[in-house]
>>> print(open('data02.pdb').read())   # PDB, C-alpha atoms
ATOM      1  CA  MET A  41    -178.786  52.058  27.963  1.00  0.00           C
ATOM      2  CA  SER A  42    -176.047  51.717  25.381  1.00  0.00           C
ATOM      3  CA  SER A  43    -175.803  48.529  23.367  1.00  0.00           C
ATOM      4  CA  ARG A  44    -172.017  48.825  23.394  1.00  0.00           C
ATOM      5  CA  ASP A  45    -170.260  46.648  25.958  1.00  0.00           C
ATOM      6  CA  ASP A  46    -167.304  48.583  27.380  1.00  0.00           C
ATOM      7  CA  SER A  47    -166.025  45.829  29.626  1.00  0.00           C
ATOM      8  CA  PHE A  48    -163.212  44.742  27.288  1.00  0.00           C
ATOM      9  CA  HIS A  49    -160.834  46.746  25.087  1.00  0.00           C
ATOM     10  CA  VAL A  50    -157.795  45.808  23.051  1.00  0.00           C
ATOM     11  CA  PHE A  51    -154.637  47.710  24.027  1.00  0.00           C
ATOM     12  CA  ASP A  52    -152.461  47.545  20.932  1.00  0.00           C
ATOM     13  CA  THR A  53    -148.683  48.088  21.173  1.00  0.00           C
ATOM     14  CA  THR A  54    -147.786  47.529  17.515  1.00  0.00           C
ATOM     15  CA  LEU A  55    -146.525  51.095  16.979  1.00  0.00           C
ATOM     16  CA  ARG A  56    -144.107  50.934  19.911  1.00  0.00           C
ATOM     17  CA  ASP A  57    -143.299  47.442  21.120  1.00  0.00           C
ATOM     18  CA  GLY A  58    -144.074  45.804  17.785  1.00  0.00           C
ATOM     19  CA  ALA A  59    -141.854  48.292  15.979  1.00  0.00           C
ATOM     20  CA  GLN A  60    -138.813  47.226  18.016  1.00  0.00           C
ATOM     21  CA  ARG A  61    -138.323  43.994  16.124  1.00  0.00           C
ATOM     22  CA  GLU A  62    -135.115  43.772  14.119  1.00  0.00           C
ATOM     23  CA  GLY A  63    -135.613  44.898  10.529  1.00  0.00           C
ATOM     24  CA  ILE A  64    -138.724  46.992  11.217  1.00  0.00           C
ATOM     25  CA  ASN A  65    -138.356  50.721  10.691  1.00  0.00           C
ATOM     26  CA  LEU A  66    -141.739  52.438  10.589  1.00  0.00           C
ATOM     27  CA  THR A  67    -141.939  55.943   9.185  1.00  0.00           C
ATOM     28  CA  VAL A  68    -144.352  58.479  10.649  1.00  0.00           C
ATOM     29  CA  ALA A  69    -146.559  57.923   7.582  1.00  0.00           C
ATOM     30  CA  ASP A  70    -146.490  54.155   8.254  1.00  0.00           C
ATOM     31  CA  LYS A  71    -147.486  54.701  11.875  1.00  0.00           C
ATOM     32  CA  LEU A  72    -150.353  57.002  10.884  1.00  0.00           C
ATOM     33  CA  THR A  73    -151.646  54.457   8.375  1.00  0.00           C
ATOM     34  CA  ILE A  74    -151.438  51.616  10.884  1.00  0.00           C
ATOM     35  CA  ALA A  75    -153.181  53.734  13.540  1.00  0.00           C
ATOM     36  CA  ARG A  76    -156.049  54.457  11.137  1.00  0.00           C
ATOM     37  CA  HIS A  77    -156.438  50.752  10.388  1.00  0.00           C
ATOM     38  CA  LEU A  78    -156.352  49.826  14.079  1.00  0.00           C
ATOM     39  CA  ASP A  79    -159.023  52.430  14.792  1.00  0.00           C
ATOM     40  CA  ASP A  80    -161.162  51.159  11.895  1.00  0.00           C
ATOM     41  CA  PHE A  81    -160.790  47.659  13.304  1.00  0.00           C
ATOM     42  CA  GLY A  82    -162.222  48.875  16.629  1.00  0.00           C
ATOM     43  CA  VAL A  83    -159.120  48.754  18.836  1.00  0.00           C
ATOM     44  CA  GLY A  84    -159.769  50.646  22.073  1.00  0.00           C
ATOM     45  CA  PHE A  85    -156.247  51.896  22.826  1.00  0.00           C
ATOM     46  CA  ILE A  86    -153.331  52.459  20.453  1.00  0.00           C
ATOM     47  CA  GLU A  87    -149.936  52.928  22.065  1.00  0.00           C
ATOM     48  CA  GLY A  88    -148.302  55.293  19.591  1.00  0.00           C
ATOM     49  CA  GLY A  89    -144.773  55.330  20.940  1.00  0.00           C
ATOM     50  CA  TRP A  90    -142.575  57.271  23.341  1.00  0.00           C
ATOM     51  CA  PRO A  91    -142.860  61.019  22.633  1.00  0.00           C
ATOM     52  CA  GLY A  92    -139.691  62.844  23.543  1.00  0.00           C
ATOM     53  CA  ALA A  93    -137.557  59.719  23.246  1.00  0.00           C
ATOM     54  CA  ASN A  94    -137.102  60.167  19.506  1.00  0.00           C
ATOM     55  CA  PRO A  95    -138.206  62.758  16.936  1.00  0.00           C
ATOM     56  CA  ARG A  96    -140.279  60.243  14.947  1.00  0.00           C
ATOM     57  CA  ASP A  97    -142.571  59.441  17.869  1.00  0.00           C
ATOM     58  CA  THR A  98    -142.898  63.109  18.818  1.00  0.00           C
ATOM     59  CA  GLU A  99    -143.888  63.928  15.230  1.00  0.00           C
ATOM     60  CA  PHE A 100    -146.321  61.006  15.130  1.00  0.00           C
ATOM     61  CA  PHE A 101    -148.269  62.337  18.118  1.00  0.00           C
ATOM     62  CA  ALA A 102    -148.388  65.859  16.703  1.00  0.00           C
ATOM     63  CA  ARG A 103    -149.604  64.653  13.314  1.00  0.00           C
ATOM     64  CA  ALA A 104    -152.027  62.057  14.695  1.00  0.00           C
ATOM     65  CA  GLN A 105    -153.823  64.820  16.630  1.00  0.00           C
ATOM     66  CA  GLN A 106    -154.264  66.768  13.389  1.00  0.00           C
ATOM     67  CA  GLU A 107    -154.702  64.031  10.799  1.00  0.00           C
ATOM     68  CA  ILE A 108    -156.702  61.245  12.446  1.00  0.00           C
ATOM     69  CA  ASP A 109    -160.272  61.489  13.672  1.00  0.00           C
ATOM     70  CA  PHE A 110    -160.327  58.469  15.973  1.00  0.00           C
ATOM     71  CA  LYS A 111    -163.737  56.860  16.072  1.00  0.00           C
ATOM     72  CA  HIS A 112    -162.984  53.956  18.420  1.00  0.00           C
ATOM     73  CA  ALA A 113    -159.463  54.246  19.757  1.00  0.00           C
ATOM     74  CA  GLN A 114    -157.760  56.478  22.244  1.00  0.00           C
ATOM     75  CA  LEU A 115    -154.153  57.301  21.488  1.00  0.00           C
ATOM     76  CA  VAL A 116    -151.719  56.314  24.255  1.00  0.00           C
ATOM     77  CA  ALA A 117    -148.308  57.830  24.942  1.00  0.00           C
ATOM     78  CA  PHE A 118    -145.748  55.504  26.529  1.00  0.00           C
ATOM     79  CA  GLY A 119    -142.992  56.695  28.817  1.00  0.00           C
ATOM     80  CA  ALA A 120    -141.170  56.338  32.101  1.00  0.00           C
ATOM     81  CA  THR A 121    -141.413  57.935  35.500  1.00  0.00           C
ATOM     82  CA  ARG A 122    -139.330  60.995  36.182  1.00  0.00           C
ATOM     83  CA  ARG A 123    -135.622  60.615  36.681  1.00  0.00           C
ATOM     84  CA  PRO A 124    -134.106  60.334  40.163  1.00  0.00           C
ATOM     85  CA  SER A 125    -133.454  63.572  42.059  1.00  0.00           C
ATOM     86  CA  THR A 126    -135.631  65.710  39.785  1.00  0.00           C
ATOM     87  CA  LYS A 127    -139.239  66.857  39.880  1.00  0.00           C
ATOM     88  CA  ALA A 128    -141.733  65.494  37.376  1.00  0.00           C
ATOM     89  CA  ALA A 129    -142.658  69.045  36.374  1.00  0.00           C
ATOM     90  CA  GLU A 130    -139.020  69.643  35.380  1.00  0.00           C
ATOM     91  CA  ASP A 131    -138.335  66.275  33.703  1.00  0.00           C
ATOM     92  CA  PRO A 132    -138.170  66.639  29.888  1.00  0.00           C
ATOM     93  CA  GLN A 133    -139.457  63.103  29.268  1.00  0.00           C
ATOM     94  CA  VAL A 134    -142.478  63.567  31.541  1.00  0.00           C
ATOM     95  CA  ASN A 135    -143.207  66.920  29.891  1.00  0.00           C
ATOM     96  CA  ALA A 136    -142.996  65.321  26.446  1.00  0.00           C
ATOM     97  CA  LEU A 137    -145.680  62.837  27.524  1.00  0.00           C
ATOM     98  CA  LEU A 138    -147.961  65.676  28.565  1.00  0.00           C
ATOM     99  CA  ASP A 139    -147.116  67.726  25.476  1.00  0.00           C
ATOM    100  CA  SER A 140    -148.030  64.791  23.225  1.00  0.00           C
ATOM    101  CA  GLY A 141    -151.712  65.579  23.732  1.00  0.00           C
ATOM    102  CA  ALA A 142    -152.498  61.888  24.143  1.00  0.00           C
ATOM    103  CA  PRO A 143    -155.599  61.351  26.286  1.00  0.00           C
ATOM    104  CA  VAL A 144    -153.975  58.293  27.913  1.00  0.00           C
ATOM    105  CA  ILE A 145    -150.433  57.838  29.207  1.00  0.00           C
ATOM    106  CA  THR A 146    -148.798  54.539  30.131  1.00  0.00           C
ATOM    107  CA  LEU A 147    -145.900  54.808  32.560  1.00  0.00           C
ATOM    108  CA  VAL A 148    -143.265  52.150  33.062  1.00  0.00           C
ATOM    109  CA  ALA A 149    -141.632  52.004  36.473  1.00  0.00           C
ATOM    110  CA  LYS A 150    -139.143  49.713  38.141  1.00  0.00           C
ATOM    111  CA  SER A 151    -140.535  47.384  40.795  1.00  0.00           C
ATOM    112  CA  HIS A 152    -137.689  45.010  41.649  1.00  0.00           C
ATOM    113  CA  ASP A 153    -135.112  46.318  44.093  1.00  0.00           C
ATOM    114  CA  ARG A 154    -132.190  45.205  41.904  1.00  0.00           C
ATOM    115  CA  HIS A 155    -133.624  47.134  38.938  1.00  0.00           C
ATOM    116  CA  VAL A 156    -134.088  50.221  41.088  1.00  0.00           C
ATOM    117  CA  GLU A 157    -130.600  50.065  42.544  1.00  0.00           C
ATOM    118  CA  LEU A 158    -128.683  48.933  39.442  1.00  0.00           C
ATOM    119  CA  ALA A 159    -130.595  50.393  36.479  1.00  0.00           C
ATOM    120  CA  LEU A 160    -131.912  53.580  38.064  1.00  0.00           C
ATOM    121  CA  ARG A 161    -129.032  53.904  40.542  1.00  0.00           C
ATOM    122  CA  THR A 162    -131.318  55.194  43.246  1.00  0.00           C
ATOM    123  CA  THR A 163    -132.931  54.135  46.509  1.00  0.00           C
ATOM    124  CA  LEU A 164    -136.199  52.276  46.948  1.00  0.00           C
ATOM    125  CA  ASP A 165    -137.697  55.312  48.683  1.00  0.00           C
ATOM    126  CA  GLU A 166    -136.690  57.608  45.817  1.00  0.00           C
ATOM    127  CA  ASN A 167    -138.169  55.130  43.336  1.00  0.00           C
ATOM    128  CA  LEU A 168    -141.532  55.290  45.123  1.00  0.00           C
ATOM    129  CA  ALA A 169    -141.295  59.093  45.137  1.00  0.00           C
ATOM    130  CA  MET A 170    -140.584  58.997  41.379  1.00  0.00           C
ATOM    131  CA  VAL A 171    -143.735  56.944  40.763  1.00  0.00           C
ATOM    132  CA  ARG A 172    -145.866  59.100  43.062  1.00  0.00           C
ATOM    133  CA  ASP A 173    -144.608  62.370  41.576  1.00  0.00           C
ATOM    134  CA  SER A 174    -144.936  61.196  37.974  1.00  0.00           C
ATOM    135  CA  VAL A 175    -148.499  59.957  38.428  1.00  0.00           C
ATOM    136  CA  SER A 176    -149.481  63.124  40.270  1.00  0.00           C
TER
END
>>> encode(input="data02.pdb", output="structure tokens")
Amino acid sequence: MSSRDDSFHVFDTTLRDGAQREGINLTVADKLTIARHLDDFGVGFIEGGWPGANPRDTEFFARAQQEIDFKHAQLVAFGATRRPSTKAAEDPQVNALLDSGAPVITLVAKSHDRHVELALRTTLDENLAMVRDSVS
């Protein structure tokens, strides 16, 4: 029996959500340094950003795979479900998530009907299909 208790892990969003604050502009080198420190601290999951959404995050994932030997953390790629009226296998953003090499992916999806209809400009049924297809 392992002495490590796996019932609780920290899911850190500093490199994505935390980097959205006004005046913060992390370089890839900054993100790699922060990721190393978070791993050393024992964080279980490090959300590295949104690969495919911007070149910096795409580069971060590529370099993190090569330059960091995570001892505690798993790197997490953040992204959205596929776009309406496409297939997940053909959606560039979904493919960028897979291409990131991250062992964990966090997907954001719309759940309120107004968000689906106004922001995504699609139907509730198509939204459910987007979630289903993206997760599959």
>>> resolve_selection(input="data02.pdb", expression="the PyMOL selection byres ((chain A and resi 117-132) around 9)", output="PDB file with C-alpha atoms, keeping the file's coordinate frame")
ATOM      1  CA  ARG A  56    -144.107  50.934  19.911  1.00  0.00           C
ATOM      2  CA  ILE A  86    -153.331  52.459  20.453  1.00  0.00           C
ATOM      3  CA  GLU A  87    -149.936  52.928  22.065  1.00  0.00           C
ATOM      4  CA  GLY A  88    -148.302  55.293  19.591  1.00  0.00           C
ATOM      5  CA  GLY A  89    -144.773  55.330  20.940  1.00  0.00           C
ATOM      6  CA  TRP A  90    -142.575  57.271  23.341  1.00  0.00           C
ATOM      7  CA  PRO A  91    -142.860  61.019  22.633  1.00  0.00           C
ATOM      8  CA  GLY A  92    -139.691  62.844  23.543  1.00  0.00           C
ATOM      9  CA  ALA A  93    -137.557  59.719  23.246  1.00  0.00           C
ATOM     10  CA  PHE A 101    -148.269  62.337  18.118  1.00  0.00           C
ATOM     11  CA  LEU A 115    -154.153  57.301  21.488  1.00  0.00           C
ATOM     12  CA  VAL A 116    -151.719  56.314  24.255  1.00  0.00           C
ATOM     13  CA  GLN A 133    -139.457  63.103  29.268  1.00  0.00           C
ATOM     14  CA  VAL A 134    -142.478  63.567  31.541  1.00  0.00           C
ATOM     15  CA  ASN A 135    -143.207  66.920  29.891  1.00  0.00           C
ATOM     16  CA  ALA A 136    -142.996  65.321  26.446  1.00  0.00           C
ATOM     17  CA  LEU A 137    -145.680  62.837  27.524  1.00  0.00           C
ATOM     18  CA  LEU A 138    -147.961  65.676  28.565  1.00  0.00           C
ATOM     19  CA  SER A 140    -148.030  64.791  23.225  1.00  0.00           C
ATOM     20  CA  GLY A 141    -151.712  65.579  23.732  1.00  0.00           C
ATOM     21  CA  ALA A 142    -152.498  61.888  24.143  1.00  0.00           C
ATOM     22  CA  PRO A 143    -155.599  61.351  26.286  1.00  0.00           C
ATOM     23  CA  VAL A 144    -153.975  58.293  27.913  1.00  0.00           C
ATOM     24  CA  ILE A 145    -150.433  57.838  29.207  1.00  0.00           C
ATOM     25  CA  THR A 146    -148.798  54.539  30.131  1.00  0.00           C
ATOM     26  CA  LEU A 147    -145.900  54.808  32.560  1.00  0.00           C
ATOM     27  CA  VAL A 148    -143.265  52.150  33.062  1.00  0.00           C
ATOM     28  CA  ALA A 149    -141.632  52.004  36.473  1.00  0.00           C
ATOM     29  CA  LYS A 150    -139.143  49.713  38.141  1.00  0.00           C
ATOM     30  CA  LEU A 160    -131.912  53.580  38.064  1.00  0.00           C
ATOM     31  CA  ARG A 161    -129.032  53.904  40.542  1.00  0.00           C
ATOM     32  CA  THR A 162    -131.318  55.194  43.246  1.00  0.00           C
ATOM     33  CA  THR A 163    -132.931  54.135  46.509  1.00  0.00           C
ATOM     34  CA  GLU A 166    -136.690  57.608  45.817  1.00  0.00           C
ATOM     35  CA  ASN A 167    -138.169  55.130  43.336  1.00  0.00           C
ATOM     36  CA  ALA A 169    -141.295  59.093  45.137  1.00  0.00           C
ATOM     37  CA  MET A 170    -140.584  58.997  41.379  1.00  0.00           C
ATOM     38  CA  VAL A 171    -143.735  56.944  40.763  1.00  0.00           C
ATOM     39  CA  ARG A 172    -145.866  59.100  43.062  1.00  0.00           C
ATOM     40  CA  ASP A 173    -144.608  62.370  41.576  1.00  0.00           C
ATOM     41  CA  SER A 174    -144.936  61.196  37.974  1.00  0.00           C
ATOM     42  CA  VAL A 175    -148.499  59.957  38.428  1.00  0.00           C
ATOM     43  CA  SER A 176    -149.481  63.124  40.270  1.00  0.00           C
TER      44      SER A 176
END
>>> atom_distance(input="data02.pdb", atom1="CA of Ala159 in chain A", atom2="CA of Leu55 in chain A")
25.2 Å
>>> closest_residue(input="data02.pdb", among="A:Leu72, A:Glu157, A:His77, A:Gly82", to="Glu107 in chain A", atoms="all atoms listed in the file")
A:Leu72
>>> resolve_selection(input="data02.pdb", expression="the PyMOL selection byres ((chain A and resi 51) around 8)", output="number ranges by chain")
A: 49-50, 52-53, 83-87
>>> write_last_selection(input="data02.pdb", atoms="C-alpha atoms", output="PDB file, in the coordinates of the input")
ATOM      1  CA  HIS A  49    -160.834  46.746  25.087  1.00  0.00           C
ATOM      2  CA  VAL A  50    -157.795  45.808  23.051  1.00  0.00           C
ATOM      3  CA  ASP A  52    -152.461  47.545  20.932  1.00  0.00           C
ATOM      4  CA  THR A  53    -148.683  48.088  21.173  1.00  0.00           C
ATOM      5  CA  VAL A  83    -159.120  48.754  18.836  1.00  0.00           C
ATOM      6  CA  GLY A  84    -159.769  50.646  22.073  1.00  0.00           C
ATOM      7  CA  PHE A  85    -156.247  51.896  22.826  1.00  0.00           C
ATOM      8  CA  ILE A  86    -153.331  52.459  20.453  1.00  0.00           C
ATOM      9  CA  GLU A  87    -149.936  52.928  22.065  1.00  0.00           C
TER      10      GLU A  87
END
>>> residues_around(input="data02.pdb", residues="Asp79 in chain A", least_positions_apart="5", cutoff="7 Å", atoms="all atoms listed in the file", output="MDAnalysis selection string")
chainID A and resid 110:113
>>> closest_residue(input="data02.pdb", among="A:Asp80, A:Thr67, A:Thr73, A:Ile108", to="Pro95 in chain A", atoms="all atoms listed in the file")
A:Thr67
>>> atom_distance(input="data02.pdb", atom1="CA of Asp97 in chain A", atom2="CA of Val68 in chain A")
7.5 Å
>>> atom_distance(input="data02.pdb", atom1="CA of Lys71 in chain A", atom2="CA of Glu99 in chain A")
10.5 Å
>>> axis_aligned_box(input="data02.pdb", around="range 77-90 of chain A", padding_each_side="3 Å", output="JSON")
{"center_x": -152.4, "center_y": 52.5, "center_z": 16.9, "size_x": 25.6, "size_y": 15.6, "size_z": 19.0}
